[in-house]
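File shown: model-v5.cif (mmCIF, C-alpha atoms).
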data_final
loop_
_atom_site.label_atom_id
_atom_site.label_comp_id
_atom_site.auth_asym_id
_atom_site.auth_seq_id
_atom_site.Cartn_x
_atom_site.Cartn_y
_atom_site.Cartn_z
CA MET A 1 105.72 78.67 111.45
CA SER A 2 106.89 75.10 112.03
CA ALA A 3 108.11 72.85 109.23
CA ASN A 4 105.28 70.41 109.95
CA ILE A 5 102.65 73.06 109.33
CA GLN A 6 104.36 74.23 106.14
CA GLU A 7 104.41 70.66 104.85
CA GLU A 8 100.68 70.20 105.51
CA LYS A 9 99.14 71.33 102.25
CA LEU A 10 95.65 71.66 103.64
CA ILE A 11 96.63 74.27 106.23
CA PRO A 12 96.80 77.80 104.79
CA ILE A 13 99.89 79.88 105.48
CA GLN A 14 99.13 83.33 106.86
CA ALA A 15 100.10 85.84 104.19
CA VAL A 16 100.18 89.62 104.08
CA ILE A 17 99.18 91.66 101.05
CA THR A 18 101.99 94.09 100.22
CA GLU A 19 100.58 95.60 97.01
CA VAL A 20 97.30 95.72 95.11
CA ARG A 21 97.42 96.75 91.47
CA GLU A 22 94.30 97.46 89.43
CA ASP A 23 94.91 96.01 85.97
CA THR A 24 91.45 96.35 84.45
CA PRO A 25 87.98 97.35 85.70
CA ASP A 26 87.47 93.79 87.00
CA VAL A 27 91.00 92.39 87.50
CA LYS A 28 93.38 93.19 90.35
CA THR A 29 96.83 91.75 90.96
CA PHE A 30 97.74 91.01 94.59
CA THR A 31 101.34 90.73 95.78
CA VAL A 32 101.66 88.69 98.98
CA VAL A 33 104.40 87.41 101.27
CA ALA A 34 104.42 85.20 104.34
CA LYS A 35 103.43 86.98 107.54
CA ASP A 36 107.06 87.00 108.66
CA GLY A 37 108.00 88.66 105.36
CA GLY A 38 109.62 85.59 103.82
CA LYS A 39 108.79 83.08 101.12
CA MET A 40 105.64 80.99 101.61
CA PHE A 41 106.77 78.08 99.44
CA ASP A 42 108.65 77.28 96.25
CA HIS A 43 106.76 76.97 92.97
CA MET A 44 107.32 76.62 89.25
CA PRO A 45 105.49 78.35 86.37
CA GLY A 46 102.01 76.96 85.81
CA GLN A 47 101.37 75.85 89.37
CA CYS A 48 98.42 77.13 91.40
CA ALA A 49 97.63 77.97 95.00
CA MET A 50 94.49 78.12 97.12
CA VAL A 51 93.66 81.63 98.36
CA THR A 52 91.52 81.74 101.51
CA MET A 53 89.42 84.41 103.20
CA PRO A 54 88.21 83.06 106.58
CA GLY A 55 84.45 83.22 106.84
CA VAL A 56 84.05 83.80 103.11
CA GLY A 57 85.63 80.88 101.25
CA GLU A 58 88.60 79.82 99.20
CA ALA A 59 89.40 79.21 95.53
CA MET A 60 92.26 78.07 93.33
CA PHE A 61 94.21 80.68 91.39
CA SER A 62 97.25 80.56 89.13
CA ILE A 63 100.43 81.95 90.62
CA THR A 64 101.19 84.70 88.14
CA SER A 65 104.63 85.68 89.42
CA SER A 66 107.71 83.79 88.29
CA PRO A 67 109.90 82.08 90.92
CA THR A 68 112.76 84.13 89.46
CA GLN A 69 111.17 87.40 90.63
CA GLY A 70 111.68 87.11 94.40
CA ASP A 71 110.11 85.68 97.55
CA PHE A 72 106.66 87.16 96.92
CA LYS A 73 103.73 85.53 95.15
CA GLN A 74 101.30 87.31 92.85
CA PHE A 75 97.73 86.45 91.91
CA SER A 76 95.77 88.23 89.16
CA ILE A 77 92.15 87.80 90.20
CA LYS A 78 89.07 88.60 88.13
CA ARG A 79 86.00 89.75 90.06
CA CYS A 80 83.30 87.21 89.27
CA GLY A 81 81.65 86.06 92.52
CA LEU A 82 81.37 86.50 96.27
CA LEU A 83 84.93 85.48 97.17
CA THR A 84 86.57 87.50 94.41
CA GLU A 85 84.36 90.48 95.23
CA CYS A 86 85.58 90.32 98.84
CA LEU A 87 89.19 89.90 97.74
CA HIS A 88 88.87 93.00 95.58
CA GLN A 89 88.00 95.00 98.70
CA LEU A 90 91.29 94.15 100.42
CA GLU A 91 94.15 96.61 100.78
CA PRO A 92 97.90 96.37 101.48
CA GLY A 93 98.59 95.28 105.05
CA GLN A 94 95.58 92.97 105.28
CA GLU A 95 95.96 89.21 105.61
CA ILE A 96 94.74 86.22 103.62
CA GLY A 97 95.49 82.51 103.72
CA VAL A 98 97.48 80.79 100.98
CA ARG A 99 98.26 77.11 100.54
CA GLY A 100 100.09 75.29 97.79
CA PRO A 101 101.64 74.90 95.37
CA TYR A 102 99.35 72.51 93.50
CA GLY A 103 99.56 70.79 90.14
CA ASN A 104 102.34 70.12 87.72
CA PRO A 105 104.12 73.09 86.09
CA PHE A 106 104.82 73.82 82.46
CA PRO A 107 107.95 71.88 81.37
CA VAL A 108 110.11 75.00 81.20
CA ASP A 109 113.32 73.17 82.11
CA THR A 110 112.76 70.15 79.87
CA GLU A 111 110.44 70.19 76.84
CA PHE A 112 110.55 73.97 76.36
CA LYS A 113 114.33 74.32 76.58
CA GLY A 114 115.99 75.27 73.31
CA LYS A 115 112.62 75.77 71.60
CA ASN A 116 111.03 78.76 69.91
CA LEU A 117 107.97 79.60 72.01
CA LEU A 118 104.59 80.98 70.95
CA PHE A 119 102.33 82.19 73.78
CA ILE A 120 98.66 82.75 72.92
CA ALA A 121 96.33 84.20 75.56
CA GLY A 122 92.88 85.71 75.79
CA GLY A 123 91.60 87.95 78.61
CA ILE A 124 92.48 86.72 82.08
CA GLY A 125 94.07 83.72 80.34
CA LEU A 126 97.31 85.69 80.35
CA ALA A 127 97.56 85.11 84.13
CA PRO A 128 98.72 81.44 84.00
CA LEU A 129 101.14 82.28 81.17
CA HIS A 130 102.58 85.37 82.87
CA SER A 131 104.81 83.33 85.16
CA VAL A 132 106.06 81.21 82.24
CA ILE A 133 106.90 84.26 80.13
CA ASN A 134 108.86 85.93 82.93
CA TYR A 135 110.64 82.67 83.78
CA VAL A 136 111.74 82.35 80.15
CA ARG A 137 112.80 86.01 80.11
CA ALA A 138 114.97 85.40 83.20
CA HIS A 139 116.64 82.41 81.49
CA ARG A 140 116.70 83.96 78.03
CA GLU A 141 119.76 82.03 76.84
CA ASP A 142 117.91 78.71 77.22
CA TYR A 143 115.19 79.49 74.67
CA GLY A 144 114.79 80.57 71.06
CA THR A 145 112.49 83.31 69.81
CA ILE A 146 109.48 84.32 71.91
CA ASP A 147 106.23 85.38 70.27
CA ILE A 148 103.33 86.58 72.43
CA LEU A 149 99.84 86.95 70.98
CA TYR A 150 97.40 88.42 73.46
CA GLY A 151 93.84 89.64 72.97
CA SER A 152 90.93 90.91 75.05
CA ARG A 153 87.48 92.41 74.62
CA SER A 154 88.84 95.96 74.74
CA ALA A 155 92.07 97.84 75.41
CA ASP A 156 90.83 98.45 78.96
CA ASP A 157 90.69 94.68 79.54
CA LEU A 158 94.34 93.96 78.68
CA VAL A 159 95.94 92.59 81.86
CA ASP A 160 99.55 93.61 82.68
CA TYR A 161 99.44 96.21 79.89
CA ASP A 162 102.17 98.44 81.39
CA GLU A 163 104.56 95.52 81.78
CA ILE A 164 103.82 94.32 78.25
CA VAL A 165 104.49 97.74 76.70
CA ASN A 166 107.37 98.89 78.89
CA GLU A 167 109.24 95.61 79.29
CA TRP A 168 108.21 92.74 77.02
CA GLN A 169 107.90 94.76 73.83
CA LYS A 170 111.30 96.37 74.35
CA GLU A 171 113.35 93.17 74.68
CA ASP A 172 115.33 91.69 71.82
CA GLY A 173 113.99 88.37 70.59
CA ILE A 174 110.50 88.98 71.96
CA ASN A 175 107.67 89.88 69.59
CA VAL A 176 104.36 91.01 71.09
CA TYR A 177 101.10 91.12 69.12
CA LEU A 178 98.07 92.71 70.78
CA THR A 179 94.48 92.67 69.54
CA ILE A 180 91.05 93.69 70.81
CA ASP A 181 87.69 92.30 69.72
CA ARG A 182 86.16 95.48 68.25
CA PRO A 183 87.27 99.01 67.31
CA GLN A 184 87.87 101.46 70.14
CA GLU A 185 88.70 105.14 70.14
CA GLY A 186 92.39 105.67 70.79
CA TRP A 187 93.39 102.11 69.84
CA ASP A 188 95.64 101.93 66.78
CA GLY A 189 96.58 98.27 67.12
CA ASN A 190 94.98 95.21 65.57
CA VAL A 191 91.25 94.69 65.84
CA GLY A 192 89.87 91.15 65.65
CA PHE A 193 89.56 87.90 67.55
CA VAL A 194 92.69 86.02 68.61
CA PRO A 195 92.19 82.96 66.32
CA THR A 196 91.69 85.24 63.29
CA TYR A 197 94.77 87.32 64.08
CA LEU A 198 96.76 84.11 64.62
CA LYS A 199 95.98 83.00 61.06
CA GLU A 200 96.91 86.42 59.70
CA LEU A 201 100.28 86.34 61.46
CA ALA A 202 100.98 82.94 59.85
CA PHE A 203 103.67 81.78 62.26
CA SER A 204 105.92 78.97 61.10
CA ALA A 205 105.30 75.62 62.78
CA ASP A 206 108.82 75.39 64.26
CA LYS A 207 107.53 76.52 67.66
CA THR A 208 106.06 75.14 70.85
CA ALA A 209 102.72 76.84 71.48
CA ILE A 210 101.31 77.56 74.95
CA ILE A 211 97.68 78.70 75.02
CA CYS A 212 95.25 79.83 77.70
CA GLY A 213 91.94 81.66 77.55
CA PRO A 214 88.20 81.05 77.29
CA PRO A 215 87.37 77.48 76.15
CA ILE A 216 85.85 78.72 72.87
CA MET A 217 89.04 80.66 72.10
CA ILE A 218 91.22 77.63 72.82
CA LYS A 219 89.05 75.51 70.52
CA PHE A 220 89.47 77.86 67.56
CA VAL A 221 93.13 78.62 68.31
CA LEU A 222 93.94 74.92 68.32
CA ALA A 223 92.10 74.46 65.01
CA ALA A 224 94.06 77.39 63.53
CA LEU A 225 97.37 75.97 64.74
CA ILE A 226 96.61 72.58 63.19
CA GLU A 227 95.70 74.35 59.94
CA MET A 228 99.04 76.16 60.10
CA GLY A 229 100.95 72.88 60.34
CA PHE A 230 101.39 72.49 64.09
CA ASP A 231 101.02 69.05 65.65
CA LYS A 232 99.07 68.65 68.89
CA THR A 233 102.27 67.39 70.55
CA GLN A 234 103.63 70.94 70.09
CA VAL A 235 100.74 72.61 71.91
CA TYR A 236 100.26 72.97 75.68
CA THR A 237 97.40 74.38 77.72
CA THR A 238 96.20 74.44 81.31
CA LEU A 239 92.93 73.25 82.85
CA GLU A 240 93.37 74.82 86.29
CA LEU A 241 89.76 76.05 86.34
CA LYS A 242 88.76 72.44 86.98
CA MET A 243 90.78 72.26 90.21
CA LYS A 244 89.05 72.34 93.61
CA CYS A 245 90.86 70.74 96.59
CA GLY A 246 94.24 70.50 94.85
CA ILE A 247 95.26 67.12 96.26
CA GLY A 248 93.05 64.62 94.42
CA LYS A 249 90.64 63.94 97.30
CA CYS A 250 87.39 65.70 96.42
CA GLY A 251 87.01 64.27 92.92
CA ARG A 252 85.74 67.55 91.42
CA CYS A 253 88.52 67.65 88.82
CA ASN A 254 88.33 63.98 87.85
CA ILE A 255 88.17 63.46 84.05
CA GLY A 256 88.21 59.80 83.07
CA THR A 257 91.36 58.33 84.61
CA LYS A 258 92.95 61.71 85.29
CA TYR A 259 92.80 64.18 88.15
CA VAL A 260 93.57 67.68 86.87
CA CYS A 261 95.19 68.67 90.17
CA LYS A 262 97.55 65.67 90.22
CA ASP A 263 98.05 64.88 86.51
CA GLY A 264 97.78 68.51 85.34
CA PRO A 265 96.70 71.23 85.22
CA VAL A 266 99.22 71.49 82.37
CA PHE A 267 98.49 69.12 79.51
CA ARG A 268 99.75 68.68 75.97
CA CYS A 269 96.82 68.87 73.58
CA ASP A 270 97.33 65.30 72.34
CA GLN A 271 96.95 64.18 75.98
CA ILE A 272 93.65 66.08 76.22
CA ASP A 273 92.40 64.12 73.19
CA GLU A 274 92.68 60.98 75.32
CA LEU A 275 90.26 62.38 77.91
CA PRO A 276 86.47 61.88 77.76
CA ASN A 277 84.46 64.73 76.25
CA GLU A 278 83.14 65.67 79.71
CA TYR A 279 86.02 68.11 80.27
#

Can I see the file as structure tokens?
Amino acid sequence: MSANIQEEKLIPIQAVITEVREDTPDVKTFTVVAKDGGKMFDHMPGQCAMVTMPGVGEAMFSITSSPTQGDFKQFSIKRCGLLTECLHQLEPGQEIGVRGPYGNPFPVDTEFKGKNLLFIAGGIGLAPLHSVINYVRAHREDYGTIDILYGSRSADDLVDYDEIVNEWQKEDGINVYLTIDRPQEGWDGNVGFVPTYLKELAFSADKTAIICGPPIMIKFVLAALIEMGFDKTQVYTTLELKMKCGIGKCGRCNIGTKYVCKDGPVFRCDQIDELPNEY
């Protein structure tokens, strides 16, 4: 593929699926590489890419793999419509189109450096944070303690569960707290909603918090953090669900004076306060 085509962000790169992992009944993680087997493009944690199926459509998804993990890209995709239903039918060896990266990443090499980090995710909201967590793990000496609070409707809906249990939970300096919404046979962990469990854990406010999940969860998590003494300048989230074209041309992600795809999707929560309520 020529350099000119790679630099044209509206032309998808032909990619090959090398692995499909079923995480939950409605979430699959796809590992893809360029058709020639190499890297499609460079990215940083928090950036997104457009995944295309010719004749079906395209949509923006978070890149869930860390750039420290190799030349491949991973996308954890929840089945929730025609395109995602078709993507869920694909198998290793089949091709899709990928273009990107889009948006600004989490400030892992600037604002997060030297800080204690608190990741809070709900459901598929772990996907955008997955790349950040693994980036921080790969550069462990640059960060303080890492706390990960993750919840879902049920144990069956916990994305990346094997990696969480077999890798994250076993590393020094990383504390993982899992919760599910209601009791379930065979589950001996915490039961309760993420904002409630957050208050029970009573983290000290000497951390930078990174949150992602359903809007209602983010609302109550942010309120809990403020109650616990956090300032909104310490809290980051991502609005990538608002993104459409990725390059600020279609206007679908416009909120006041901001375009999520160009000014975000990562925002500090005090910056979100400056946006109109329409978001």

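Closest to Pro214 in chain A among A:Leu87, A:Ile164, A:Ile96, A:Ala121 is A:Ala121, based on all atoms listed in the file.
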
- Task: For a cut-off of 12 Å around (97.8, 89.0, 69.6), file coordinates, pick out all residues using all atoms listed in the file and list them as a PyMOL selection string.
- Result: chain A and resi 118-123+126+147-153+158+164+175-181+189-203+211+221

- Given the file above and the PyMOL selection byres ((chain A and resi 65-67) around 8), which residues are selected, and can you give them as a PyMOL selection string? chain A and resi 42-45+63-64+68-75+130-132+134-135

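Distances here use only C-alpha atoms; by that measure, the residue among A:Met40, A:Ile247, A:Val20, A:Cys86 closest to Gly55 in chain A is A:Cys86.
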
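CA of Val108 in chain A is positioned 28.4 Å from CA of Ile11 in chain A.
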
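Atom pair CA of Arg137 in chain A / CA of Ile13 in chain A has a distance of 29.1 Å (rounded to one decimal).
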
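Between Asn116 in chain A and the residues A:Glu58, A:Asp23, A:Asp206, A:Asp172, the shortest atom-to-atom distance, using all atoms listed in the file, involves A:Asp206.
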
- Translate the PyMOL selection byres ((chain A and resi 105) around 8), as applied to the file shown, into an explicit residue set as a ChimeraX atom specification. /A:44-47,103-104,106-108,264-266

Write out, as a PDB file, in the coordinates of the input, the residues just selected, with C-alpha atoms.
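Below is the file that was written, result.pdb:
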ATOM      1  CA  MET A  44     107.320  76.620  89.250  1.00  0.00           C
ATOM      2  CA  PRO A  45     105.490  78.350  86.370  1.00  0.00           C
ATOM      3  CA  GLY A  46     102.010  76.960  85.810  1.00  0.00           C
ATOM      4  CA  GLN A  47     101.370  75.850  89.370  1.00  0.00           C
ATOM      5  CA  GLY A 103      99.560  70.790  90.140  1.00  0.00           C
ATOM      6  CA  ASN A 104     102.340  70.120  87.720  1.00  0.00           C
ATOM      7  CA  PHE A 106     104.820  73.820  82.460  1.00  0.00           C
ATOM      8  CA  PRO A 107     107.950  71.880  81.370  1.00  0.00           C
ATOM      9  CA  VAL A 108     110.110  75.000  81.200  1.00  0.00           C
ATOM     10  CA  GLY A 264      97.780  68.510  85.340  1.00  0.00           C
ATOM     11  CA  PRO A 265      96.700  71.230  85.220  1.00  0.00           C
ATOM     12  CA  VAL A 266      99.220  71.490  82.370  1.00  0.00           C
TER      13      VAL A 266
END

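Using only C-alpha atoms, the smallest distance between any of A:Thr24, A:Gly97, A:Val56, A:Thr233 and Gly81 in chain A comes from A:Val56.
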
- Could you give me, as a PyMOL selection string, the residues within 8 Å of Thr237 in chain A, counting all atoms listed in the file and dropping anything in the same chain fewer than 3 positions from it? chain A and resi 210-212+266-269

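In this structure, CA of Lys78 in chain A sits 21.6 Å away from CA of Arg252 in chain A.
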
- Query: In file coordinates, which residues lie within 8 Å of (114.3, 75.3, 80.6) using only C-alpha atoms, given as JSON, numbers by chain?
  - Reply: {"A": [107, 108, 109, 110, 111, 112, 113, 114, 136, 139, 142, 143]}

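Of the residues listed (A:Glu95, A:Trp187, A:Ile124, A:Leu117), A:Leu117 shows the shortest atom-to-atom separation from Ile174 in chain A; distances use all atoms listed in the file.
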
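Closest to Gly229 in chain A among A:Met217, A:Ala205, A:Cys250, A:Leu82 is A:Ala205, based on all atoms listed in the file.
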